[in-house]
file data-v8.txt (compact mmCIF, C-alpha atoms and all ligand atoms)
# COMPACT_ATOMS: atom_id res chain seq x y z
CA MET Q 1436 0.00 0.00 0.00
CA GLU Q 1437 1.32 3.48 -0.85
CA LYS Q 1438 2.47 5.69 2.01
CA LYS Q 1439 0.18 8.51 0.85
CA SER Q 1440 -2.99 6.42 1.01
CA THR Q 1441 -1.98 4.99 4.42
CA ILE Q 1442 -1.64 8.46 5.88
CA SER Q 1443 -4.95 9.69 4.54
CA ALA Q 1444 -6.68 6.48 5.63
CA SER Q 1445 -5.42 6.74 9.18
CA SER Q 1446 -6.24 10.43 9.46
CA LEU Q 1447 -9.73 9.66 8.18
CA ARG Q 1448 -10.05 6.91 10.77
CA TRP Q 1449 -8.99 9.30 13.55
CA LYS Q 1450 -11.55 11.79 12.33
CA ILE Q 1451 -14.31 9.19 12.51
CA LEU Q 1452 -13.14 8.02 15.91
CA ARG Q 1453 -12.92 11.55 17.27
CA ARG Q 1454 -16.41 12.29 16.06
CA SER Q 1455 -17.73 9.13 17.64
CA LEU Q 1456 -16.14 10.01 20.99
CA ILE Q 1457 -18.02 13.29 21.23
CA ARG Q 1458 -21.40 12.54 22.73
CA PRO Q 1459 -24.34 14.84 22.01
CA PRO Q 1460 -25.62 16.93 24.96
CA SER Q 1461 -28.71 15.48 26.60
CA SER Q 1462 -31.92 17.44 26.39
CA ASN Q 1463 -34.48 17.38 29.18
CA SER Q 1464 -37.19 18.93 27.10
CA GLU Q 1465 -37.31 16.14 24.56
CA ASP Q 1466 -39.51 13.13 25.03
CA LYS Q 1467 -37.44 10.54 26.91
CA SER Q 1468 -38.22 7.54 24.72
CA GLU Q 1469 -37.48 9.53 21.58
CA VAL Q 1470 -34.08 10.45 23.05
CA SER Q 1471 -33.44 6.76 23.79
CA ILE Q 1472 -34.30 5.75 20.25
CA GLN Q 1473 -32.12 8.48 18.76
CA ARG Q 1474 -29.20 7.43 20.92
CA ILE Q 1475 -29.30 3.87 19.59
CA SER Q 1476 -28.31 4.81 16.12
CA ARG Q 1477 -28.79 7.59 13.61
CA LYS Q 1478 -30.45 4.89 11.51
CA ALA Q 1479 -33.43 5.07 13.83
CA THR Q 1480 -34.29 8.57 12.76
CA HIS Q 1481 -32.43 8.94 9.47
CA GLY Q 1482 -32.97 5.91 7.36
CA PHE Q 1483 -35.31 4.02 5.09
CA ASN Q 1484 -36.90 2.27 8.10
CA LEU Q 1485 -38.04 -0.67 6.02
CA ILE Q 1486 -37.83 -3.23 8.84
CA PRO Q 1487 -39.88 -2.19 11.90
CA PHE Q 1488 -38.18 -2.44 15.28
CA HIS Q 1489 -38.59 -1.33 18.87
CA LEU Q 1490 -36.15 -0.72 21.69
CA VAL Q 1491 -36.04 -3.56 24.23
CA LYS Q 1492 -33.27 -2.36 26.50
CA ASP Q 1493 -31.09 0.68 26.71
CA SER Q 1494 -28.20 -0.13 29.03
CA VAL Q 1495 -27.34 3.51 29.69
CA GLU Q 1496 -30.65 4.05 31.43
CA GLU Q 1497 -30.46 0.74 33.26
CA ASN Q 1498 -26.99 1.36 34.62
CA VAL Q 1499 -27.32 5.00 35.44
CA ASN Q 1500 -26.95 4.26 39.17
CA SER Q 1501 -24.16 1.74 38.82
CA SER Q 1502 -20.59 2.43 39.80
CA LYS Q 1503 -18.60 4.54 37.40
CA GLU Q 1504 -16.60 1.54 36.27
CA ASN Q 1505 -19.72 -0.46 35.51
CA VAL Q 1506 -21.18 2.35 33.49
CA MET Q 1507 -18.02 2.38 31.36
CA ASP Q 1508 -18.24 -1.36 30.80
CA SER Q 1509 -21.89 -2.00 30.32
CA SER Q 1510 -23.42 1.26 29.25
CA ARG Q 1511 -22.58 1.08 25.62
CA ASP Q 1512 -25.21 -1.35 24.34
CA ALA Q 1513 -28.81 -1.28 23.39
CA THR Q 1514 -31.02 -4.20 22.43
CA LEU Q 1515 -33.45 -3.88 19.56
CA CYS Q 1516 -36.24 -6.21 18.54
CA TYR Q 1517 -37.07 -6.30 14.82
CA THR Q 1518 -40.42 -7.48 13.53
CA LEU Q 1519 -39.79 -9.03 10.15
CA PRO Q 1520 -42.57 -8.23 7.69
CA VAL Q 1521 -43.15 -11.82 6.53
CA SER Q 1522 -45.65 -14.29 7.91
CA ASN Q 1523 -44.52 -16.64 10.70
CA ALA Q 1524 -41.07 -15.02 10.98
CA PRO Q 1525 -39.66 -14.97 14.53
CA SER Q 1526 -38.60 -11.67 16.10
CA LEU Q 1527 -34.98 -10.74 15.53
CA ILE Q 1528 -32.88 -9.51 18.46
CA LEU Q 1529 -29.97 -7.19 17.73
CA HIS Q 1530 -27.43 -5.91 20.26
CA GLN Q 1531 -25.58 -2.82 19.18
CA ARG Q 1532 -23.73 0.16 20.56
CA VAL Q 1533 -25.70 3.20 21.52
CA ARG Q 1534 -24.97 6.06 19.19
CA ASP Q 1535 -21.72 7.99 19.55
CA MET Q 1536 -20.54 5.84 22.44
CA ALA Q 1537 -16.91 4.98 21.81
CA HIS Q 1538 -14.14 3.82 24.10
CA LEU Q 1539 -10.44 4.63 23.94
CA ASN Q 1540 -9.79 0.95 23.36
CA ASP Q 1541 -11.50 1.39 19.95
CA PHE Q 1542 -8.53 3.49 18.76
CA GLU Q 1543 -6.10 0.81 19.73
CA VAL Q 1544 -8.08 -1.95 17.99
CA CYS Q 1545 -8.45 0.13 14.80
CA ASN Q 1546 -4.74 0.77 14.61
CA ARG Q 1547 -3.73 -2.78 15.47
CA TYR Q 1548 -6.03 -4.37 12.89
CA ASP Q 1549 -5.79 -1.67 10.19
CA ILE Q 1550 -9.52 -1.20 10.26
CA ASP Q 1551 -12.04 1.57 10.89
CA ASN Q 1552 -14.78 1.64 13.53
CA THR Q 1553 -17.66 2.44 11.18
CA GLY Q 1554 -19.27 -0.89 12.03
CA LEU Q 1555 -19.64 0.21 15.67
CA ILE Q 1556 -20.78 3.78 15.08
CA CYS Q 1557 -24.23 2.79 13.91
CA GLN Q 1558 -26.09 0.52 11.59
CA TRP Q 1559 -25.99 2.37 8.26
CA PRO Q 1560 -29.10 2.98 6.16
CA SER Q 1561 -27.91 0.69 3.33
CA GLU Q 1562 -27.97 -2.33 5.69
CA ASP Q 1563 -31.69 -1.81 6.19
CA VAL Q 1564 -32.17 -1.63 2.40
CA LEU Q 1565 -30.04 -4.75 1.90
CA SER Q 1566 -32.14 -6.55 4.53
CA HIS Q 1567 -35.35 -5.55 2.79
CA TYR Q 1568 -33.92 -6.57 -0.59
CA CYS Q 1569 -32.93 -10.04 0.70
CA LEU Q 1570 -36.18 -10.51 2.60
CA SER Q 1571 -38.24 -9.91 -0.52
CA ARG Q 1572 -36.11 -12.18 -2.72
CA ALA Q 1573 -35.73 -15.29 -0.57
CA SER Q 1574 -35.44 -17.64 -3.54
CA ILE Q 1575 -31.97 -16.24 -4.38
CA PHE Q 1576 -30.69 -17.74 -1.11
CA ARG Q 1577 -32.61 -20.98 -0.70
CA GLU Q 1578 -30.27 -23.97 -0.17
CA LYS Q 1579 -27.26 -21.72 -0.92
CA ARG Q 1580 -24.03 -20.90 0.87
CA ILE Q 1581 -23.98 -17.20 1.69
CA ILE Q 1582 -21.51 -14.74 3.21
CA GLU Q 1583 -22.05 -11.16 4.32
CA LEU Q 1584 -18.90 -9.02 4.14
CA GLY Q 1585 -18.28 -5.94 6.32
CA SER Q 1586 -21.55 -6.77 8.01
CA GLY Q 1587 -21.37 -4.47 11.01
CA TYR Q 1588 -24.00 -5.75 13.45
CA GLY Q 1589 -25.16 -8.23 10.80
CA LEU Q 1590 -28.85 -7.45 10.33
CA ALA Q 1591 -28.99 -8.58 6.68
CA GLY Q 1592 -27.04 -11.79 7.31
CA LEU Q 1593 -29.29 -12.66 10.26
CA ILE Q 1594 -32.40 -11.99 8.19
CA VAL Q 1595 -31.13 -14.24 5.38
CA ALA Q 1596 -30.40 -16.92 8.00
CA MET Q 1597 -33.85 -16.63 9.57
CA THR Q 1598 -36.11 -16.33 6.55
CA THR Q 1599 -34.68 -17.81 3.35
CA GLU Q 1600 -33.81 -21.44 4.11
CA ALA Q 1601 -30.21 -20.82 3.09
CA ARG Q 1602 -27.89 -23.79 3.72
CA GLU Q 1603 -25.14 -21.81 5.49
CA VAL Q 1604 -24.71 -18.14 6.32
CA PHE Q 1605 -21.36 -16.63 7.32
CA ILE Q 1606 -21.58 -13.15 8.83
CA SER Q 1607 -18.18 -11.48 8.65
CA ASP Q 1608 -16.29 -8.32 9.45
CA GLY Q 1609 -12.63 -7.29 9.75
CA ASN Q 1610 -13.01 -5.47 13.07
CA PRO Q 1611 -12.76 -7.93 16.00
CA GLN Q 1612 -14.99 -5.77 18.22
CA VAL Q 1613 -17.66 -5.89 15.52
CA VAL Q 1614 -17.23 -9.67 15.27
CA ASP Q 1615 -17.94 -9.90 19.03
CA TYR Q 1616 -21.29 -8.21 18.41
CA ILE Q 1617 -21.98 -10.55 15.48
CA GLN Q 1618 -21.30 -13.51 17.80
CA ARG Q 1619 -23.67 -12.09 20.44
CA ASN Q 1620 -26.34 -11.46 17.83
CA VAL Q 1621 -26.01 -14.96 16.40
CA ASN Q 1622 -26.30 -16.38 19.94
CA ALA Q 1623 -29.33 -14.19 20.69
CA ASN Q 1624 -31.20 -15.58 17.68
CA SER Q 1625 -29.83 -19.12 17.68
CA GLY Q 1626 -33.26 -20.68 18.12
CA SER Q 1627 -34.59 -19.05 14.96
CA PHE Q 1628 -32.35 -20.33 12.19
CA GLY Q 1629 -34.16 -23.60 11.45
CA GLY Q 1630 -31.82 -25.86 9.49
CA THR Q 1631 -29.51 -23.02 8.42
CA GLU Q 1632 -26.00 -23.07 9.87
CA VAL Q 1633 -24.84 -19.61 10.91
CA LYS Q 1634 -21.20 -18.69 11.53
CA PRO Q 1635 -19.72 -15.40 12.69
CA LEU Q 1636 -16.35 -14.85 11.02
CA MET Q 1637 -13.42 -12.46 11.37
CA LEU Q 1638 -12.54 -11.70 7.76
CA HIS Q 1639 -10.36 -8.74 6.83
CA TRP Q 1640 -10.39 -8.11 3.08
CA GLY Q 1641 -7.05 -8.81 1.56
CA GLN Q 1642 -5.79 -10.60 4.66
CA GLU Q 1643 -7.86 -13.75 4.43
CA LYS Q 1644 -5.66 -16.76 4.91
CA ASP Q 1645 -8.50 -19.19 5.15
CA THR Q 1646 -8.34 -21.04 1.87
CA ASP Q 1647 -11.04 -23.38 3.22
CA ILE Q 1648 -13.67 -20.86 2.28
CA SER Q 1649 -12.23 -19.75 -1.08
CA ASN Q 1650 -14.29 -20.59 -4.13
CA THR Q 1651 -17.26 -21.84 -2.07
CA PHE Q 1652 -19.97 -19.16 -1.95
CA ASP Q 1653 -23.06 -18.96 -4.11
CA VAL Q 1654 -23.99 -15.49 -2.92
CA ILE Q 1655 -22.03 -12.66 -1.25
CA ILE Q 1656 -23.93 -9.74 0.25
CA ALA Q 1657 -22.56 -6.43 1.54
CA SER Q 1658 -23.80 -2.94 2.25
CA ASP Q 1659 -21.94 0.35 2.36
CA CYS Q 1660 -18.50 -1.20 2.03
CA THR Q 1661 -17.09 0.70 -0.97
CA PHE Q 1662 -16.34 4.10 0.54
CA PHE Q 1663 -12.73 3.50 1.68
CA LYS Q 1664 -10.76 3.61 -1.55
CA GLU Q 1665 -7.62 2.07 -0.07
CA PHE Q 1666 -9.55 -1.18 0.46
CA HIS Q 1667 -11.10 -1.35 -3.04
CA GLU Q 1668 -8.50 -3.67 -4.47
CA ALA Q 1669 -8.58 -5.96 -1.43
CA LEU Q 1670 -12.38 -6.08 -1.37
CA VAL Q 1671 -12.51 -6.97 -5.06
CA GLN Q 1672 -9.90 -9.70 -4.56
CA THR Q 1673 -11.85 -11.07 -1.60
CA ILE Q 1674 -15.04 -11.19 -3.67
CA LYS Q 1675 -13.19 -12.85 -6.53
CA SER Q 1676 -11.66 -15.48 -4.31
CA LEU Q 1677 -14.88 -16.28 -2.39
CA LEU Q 1678 -17.29 -16.58 -5.34
CA LYS Q 1679 -17.77 -20.15 -6.43
CA GLU Q 1680 -16.23 -20.82 -9.83
CA GLU Q 1681 -18.53 -23.64 -10.81
CA GLY Q 1682 -22.20 -22.90 -11.32
CA PRO Q 1683 -23.85 -19.50 -10.96
CA SER Q 1684 -22.57 -17.25 -8.18
CA GLU Q 1685 -22.87 -13.55 -7.54
CA ALA Q 1686 -22.14 -10.70 -5.14
CA ILE Q 1687 -25.02 -8.36 -4.27
CA LEU Q 1688 -23.81 -5.00 -2.96
CA LEU Q 1689 -25.80 -1.97 -1.92
CA SER Q 1690 -23.71 1.18 -1.86
CA PRO Q 1691 -24.32 4.91 -2.14
CA ARG Q 1692 -22.24 6.59 -4.86
CA ARG Q 1693 -20.37 8.86 -2.37
CA GLY Q 1694 -18.54 11.09 -4.85
CA ASP Q 1695 -16.31 9.01 -7.07
CA SER Q 1696 -15.80 6.15 -4.58
CA LEU Q 1697 -18.33 3.72 -6.07
CA ASP Q 1698 -17.12 4.43 -9.63
CA LYS Q 1699 -13.53 3.79 -8.57
CA PHE Q 1700 -14.56 0.54 -6.93
CA LEU Q 1701 -16.36 -0.53 -10.11
CA ALA Q 1702 -13.28 0.31 -12.20
CA GLU Q 1703 -11.34 -2.02 -9.91
CA VAL Q 1704 -13.99 -4.73 -10.41
CA LYS Q 1705 -13.62 -4.38 -14.17
CA ASP Q 1706 -9.81 -4.52 -14.01
CA SER Q 1707 -10.03 -7.75 -12.03
CA GLY Q 1708 -11.87 -9.46 -14.87
CA LEU Q 1709 -15.14 -9.76 -12.92
CA HIS Q 1710 -18.38 -8.52 -14.49
CA PHE Q 1711 -20.86 -6.13 -12.94
CA SER Q 1712 -24.17 -4.35 -13.45
CA THR Q 1713 -25.60 -1.41 -11.52
CA ASP Q 1714 -29.21 -0.50 -10.96
CA GLU Q 1715 -30.73 2.66 -9.55
CA ILE Q 1716 -34.38 1.57 -9.43
CA TYR Q 1717 -34.33 -2.01 -8.15
CA ASP Q 1718 -37.16 -1.98 -5.60
CA ALA Q 1719 -40.42 -0.05 -5.85
CA GLU Q 1720 -40.73 0.60 -2.09
CA VAL Q 1721 -37.14 1.76 -1.66
CA TRP Q 1722 -37.51 4.09 -4.66
CA ARG Q 1723 -40.82 5.47 -3.34
CA ARG Q 1724 -39.18 6.31 0.01
CA HIS Q 1725 -36.18 7.83 -1.75
CA GLN Q 1726 -38.47 10.14 -3.71
CA ARG Q 1727 -40.25 11.20 -0.52
CA PHE Q 1728 -36.89 12.10 1.08
CA ILE Q 1729 -35.84 14.02 -2.04
CA GLU Q 1730 -39.08 15.99 -1.84
CA GLY Q 1731 -38.13 17.04 1.71
CA ASP Q 1732 -39.80 14.49 4.01
CA ASP Q 1733 -38.92 15.66 7.56
CA SER Q 1734 -37.92 12.18 8.72
CA TRP Q 1735 -34.54 12.49 6.97
CA PRO Q 1736 -33.31 16.09 6.98
CA ASN Q 1737 -30.42 16.81 4.59
CA TYR Q 1738 -31.14 13.63 2.61
CA GLU Q 1739 -29.04 13.67 -0.47
CA MET Q 1740 -28.96 10.96 -3.12
CA ASP Q 1741 -25.20 10.78 -3.64
CA HIS Q 1742 -24.54 10.08 0.02
CA CYS Q 1743 -27.66 8.28 1.17
CA TYR Q 1744 -29.29 6.30 -1.64
CA PRO Q 1745 -27.68 2.89 -2.19
CA LEU Q 1746 -27.34 1.63 -5.75
CA LEU Q 1747 -27.61 -2.08 -6.41
CA VAL Q 1748 -24.38 -3.59 -7.75
CA ARG Q 1749 -24.33 -7.21 -8.90
CA ILE Q 1750 -20.95 -8.81 -9.54
CA THR Q 1751 -20.37 -12.13 -11.29
CA ARG Q 1752 -17.38 -14.05 -12.57
C1 LIG Q 1801 -19.87 1.57 6.83
S1 LIG Q 1801 -19.68 0.10 7.71
C2 LIG Q 1801 -21.06 -0.83 7.12
C3 LIG Q 1801 -21.51 -1.83 8.12
C4 LIG Q 1801 -22.84 -2.49 7.75
N1 LIG Q 1801 -22.72 -3.23 6.52
C5 LIG Q 1801 -23.91 -1.43 7.65
O1 LIG Q 1801 -24.25 -1.03 6.50
O2 LIG Q 1801 -24.40 -1.00 8.69
C6 LIG Q 1801 -18.30 -0.75 6.93
C7 LIG Q 1801 -18.00 -2.09 7.58
O3 LIG Q 1801 -16.92 -2.69 6.88
C8 LIG Q 1801 -15.96 -3.16 7.81
N2 LIG Q 1801 -14.64 -3.04 7.15
C9 LIG Q 1801 -13.99 -1.91 6.79
N3 LIG Q 1801 -12.80 -2.21 6.22
C10 LIG Q 1801 -12.72 -3.57 6.22
C11 LIG Q 1801 -11.74 -4.51 5.77
N4 LIG Q 1801 -10.59 -4.09 5.21
N5 LIG Q 1801 -11.98 -5.83 5.91
C12 LIG Q 1801 -13.15 -6.25 6.48
N6 LIG Q 1801 -14.11 -5.43 6.94
C13 LIG Q 1801 -13.91 -4.09 6.81
C14 LIG Q 1801 -16.09 -2.25 9.02
O4 LIG Q 1801 -15.62 -2.87 10.21
C15 LIG Q 1801 -17.57 -1.97 9.03
O5 LIG Q 1801 -18.27 -2.91 9.82
call {"tool": "encode", "arguments": {"input": "data-v8.txt", "output": "structure tokens"}}
result
Amino acid sequence: MEKKSTISASSLRWKILRRSLIRPPSSNSEDKSEVSIQRISRKATHGFNLIPFHLVKDSVEENVNSSKENVMDSSRDATLCYTLPVSNAPSLILHQRVRDMAHLNDFEVCNRYDIDNTGLICQWPSEDVLSHYCLSRASIFREKRIIELGSGYGLAGLIVAMTTEAREVFISDGNPQVVDYIQRNVNANSGSFGGTEVKPLMLHWGQEKDTDISNTFDVIIASDCTFFKEFHEALVQTIKSLLKEEGPSEAILLSPRRGDSLDKFLAEVKDSGLHFSTDEIYDAEVWRRHQRFIEGDDSWPNYEMDHCYPLLVRITR
């Protein structure tokens, strides 16, 4: 990796970390439950909100009278319960960090593993769209071996595991702290996977040594993973090595354009010899919500297509 890109990547990481360490001031005048919901994740208020959920437990409130040390250790999580909009689906439990709650240890982990902490900051709006996309197209996954890359808390991977009768679902990320959450979330829903095997996995693009999983996946899914340009080449190589060579296989990515970052990623895909297609209007409901936001719907102030609306990218061999 070039020195120049390493420096800009690490300064960007520090910027993200610094922002996530600054907690917003609390407001007594606001409705308490609304404040709780907002603290979970910016997704709760700014997002497509395609999968309904409610707050089950907000540890900050629960531990407010604990010792200072306890608050540091246990005050960072919230538990959400998603109601999947398909008949007979079980509820989905998701543990995640409350918004803007970082720890100094996060810096150390990011530097040691050459990774960012974006998977801890919040669940990003594209993950909700990816979840909805997978939920409404279960047949793509039935009896297949699936992996989610850069999954963050893993909502889409868990939904595929719970609703599509996939054979195996790996839910992966390159940040070990994120992988701990994936493990907790898999454990929390372990009774709801039917015959599907579900495996949390630490997988850092470009560093995968595990040849056991190369050339074995029918479908790869990922959301909002194309914004860090210094990882484009590694992400493409990871996709190329994981996609099964024999029989049909594909990667399904949902990513906002974000300036030239998606185009640069796609150029890298082309250079690698893989094929791709992109689609702007791939789901009627997602497009309808997008148009409402563009028209100024209050639920997502400052919505802007380039940054917020994920395009569908399909990659094949
Ligand atoms: C913007 S977040 C998206 C998380 C989740 N998909 C979502 O949309 O909420 C990017 C994710 O990619 C992971 N990531 C970033 N660089 C990575 C790398 N080189 N290898 C593996 N994972 C990486 C981060 O840890 C993070 O969870």
call {"tool": "residues_near_ligand", "arguments": {"input": "data-v8.txt", "ligand": "ligand LIG 1801 (chain Q)", "cutoff": "7 Å", "atoms": "only C-alpha atoms and all ligand atoms", "output": "PyMOL selection string"}}
result
chain Q and resi 1550-1555+1557-1562+1584-1589+1608-1610+1613+1638-1641+1657-1660+1666
call {"tool": "closest_residue", "arguments": {"input": "data-v8.txt", "among": "Q:Lys1492, Q:Cys1545, Q:Leu1670, Q:Asp1718", "to": "Val1704 in chain Q", "atoms": "all atoms listed in the file"}}
result
Q:Leu1670
call {"tool": "atom_distance", "arguments": {"input": "data-v8.txt", "atom1": "CA of Pro1611 in chain Q", "atom2": "CA of Thr1514 in chain Q"}}
result
19.7 Å
call {"tool": "axis_aligned_box", "arguments": {"input": "data-v8.txt", "around": "range 1541-1554 of chain Q", "padding_each_side": "3 Å", "output": "JSON"}}
result
{"center_x": -11.5, "center_y": -0.4, "center_z": 15.1, "size_x": 21.5, "size_y": 13.9, "size_z": 15.8}
call {"tool": "atom_distance", "arguments": {"input": "data-v8.txt", "atom1": "CA of Ser1684 in chain Q", "atom2": "CA of Asp1706 in chain Q"}}
result
18.9 Å
call {"tool": "residues_around", "arguments": {"input": "data-v8.txt", "residues": "Val1521 in chain Q", "least_positions_apart": "4", "cutoff": "12 Å", "atoms": "only C-alpha atoms", "output": "list in words"}}
result
Ile1486, Pro1487, Tyr1517, Pro1525, Ser1526, His1567, Cys1569, Leu1570, Ser1571, Arg1572, Ala1573, Ile1594, Met1597, Thr1598 and Thr1599 of chain Q
call {"tool": "closest_residue", "arguments": {"input": "data-v8.txt", "among": "Q:Ala1591, Q:Ile1581, Q:Val1614, Q:Ile1656", "to": "Thr1631 in chain Q", "atoms": "only C-alpha atoms"}}
result
Q:Ile1581
call {"tool": "closest_residue", "arguments": {"input": "data-v8.txt", "among": "Q:Ile1648, Q:Glu1685, Q:Leu1593, Q:Ala1537", "to": "Val1621 in chain Q", "atoms": "all atoms listed in the file"}}
result
Q:Leu1593
call {"tool": "atom_distance", "arguments": {"input": "data-v8.txt", "atom1": "CA of Val1604 in chain Q", "atom2": "CA of Lys1579 in chain Q"}}
result
8.5 Å
call {"tool": "build_atoms", "arguments": {"input": "data-v8.txt", "residues": "range 1534-1549 of chain Q", "atoms": "N, CA and C atoms", "output": "mmCIF file, in the coordinates of the input"}}
result
data_model
loop_
_atom_site.group_PDB
_atom_site.id
_atom_site.type_symbol
_atom_site.label_atom_id
_atom_site.label_comp_id
_atom_site.auth_asym_id
_atom_site.auth_seq_id
_atom_site.Cartn_x
_atom_site.Cartn_y
_atom_site.Cartn_z
ATOM 1 N N ARG Q 1534 -25.602 5.142 20.123
ATOM 2 C CA ARG Q 1534 -24.970 6.060 19.190
ATOM 3 C C ARG Q 1534 -23.867 6.890 19.861
ATOM 4 N N ASP Q 1535 -22.788 7.101 19.120
ATOM 5 C CA ASP Q 1535 -21.720 7.990 19.550
ATOM 6 C C ASP Q 1535 -21.066 7.585 20.860
ATOM 7 N N MET Q 1536 -21.154 6.306 21.200
ATOM 8 C CA MET Q 1536 -20.540 5.840 22.440
ATOM 9 C C MET Q 1536 -19.299 5.035 22.072
ATOM 10 N N ALA Q 1537 -18.142 5.679 22.137
ATOM 11 C CA ALA Q 1537 -16.910 4.980 21.810
ATOM 12 C C ALA Q 1537 -16.050 4.869 23.056
ATOM 13 N N HIS Q 1538 -15.041 4.027 22.972
ATOM 14 C CA HIS Q 1538 -14.140 3.820 24.100
ATOM 15 C C HIS Q 1538 -12.727 4.005 23.564
ATOM 16 N N LEU Q 1539 -11.808 4.423 24.431
ATOM 17 C CA LEU Q 1539 -10.440 4.630 23.940
ATOM 18 C C LEU Q 1539 -9.843 3.367 23.349
ATOM 19 N N ASN Q 1540 -10.263 2.228 23.872
ATOM 20 C CA ASN Q 1540 -9.790 0.950 23.360
ATOM 21 C C ASN Q 1540 -10.089 0.797 21.852
ATOM 22 N N ASP Q 1541 -11.147 1.471 21.375
ATOM 23 C CA ASP Q 1541 -11.500 1.390 19.950
ATOM 24 C C ASP Q 1541 -10.344 1.873 19.075
ATOM 25 N N PHE Q 1542 -9.656 2.935 19.533
ATOM 26 C CA PHE Q 1542 -8.530 3.490 18.760
ATOM 27 C C PHE Q 1542 -7.455 2.427 18.580
ATOM 28 N N GLU Q 1543 -7.184 1.787 19.710
ATOM 29 C CA GLU Q 1543 -6.100 0.810 19.730
ATOM 30 C C GLU Q 1543 -6.423 -0.355 18.784
ATOM 31 N N VAL Q 1544 -7.662 -0.824 18.845
ATOM 32 C CA VAL Q 1544 -8.080 -1.950 17.990
ATOM 33 C C VAL Q 1544 -7.987 -1.542 16.518
ATOM 34 N N CYS Q 1545 -8.474 -0.330 16.208
ATOM 35 C CA CYS Q 1545 -8.450 0.130 14.800
ATOM 36 C C CYS Q 1545 -7.025 0.169 14.270
ATOM 37 N N ASN Q 1546 -6.123 0.678 15.079
ATOM 38 C CA ASN Q 1546 -4.740 0.770 14.610
ATOM 39 C C ASN Q 1546 -4.099 -0.607 14.488
ATOM 40 N N ARG Q 1547 -4.367 -1.454 15.467
ATOM 41 C CA ARG Q 1547 -3.730 -2.780 15.470
ATOM 42 C C ARG Q 1547 -4.203 -3.620 14.287
ATOM 43 N N TYR Q 1548 -5.479 -3.499 13.943
ATOM 44 C CA TYR Q 1548 -6.030 -4.370 12.890
ATOM 45 C C TYR Q 1548 -6.177 -3.665 11.538
ATOM 46 N N ASP Q 1549 -5.672 -2.440 11.424
ATOM 47 C CA ASP Q 1549 -5.790 -1.670 10.190
ATOM 48 C C ASP Q 1549 -7.236 -1.649 9.697
#
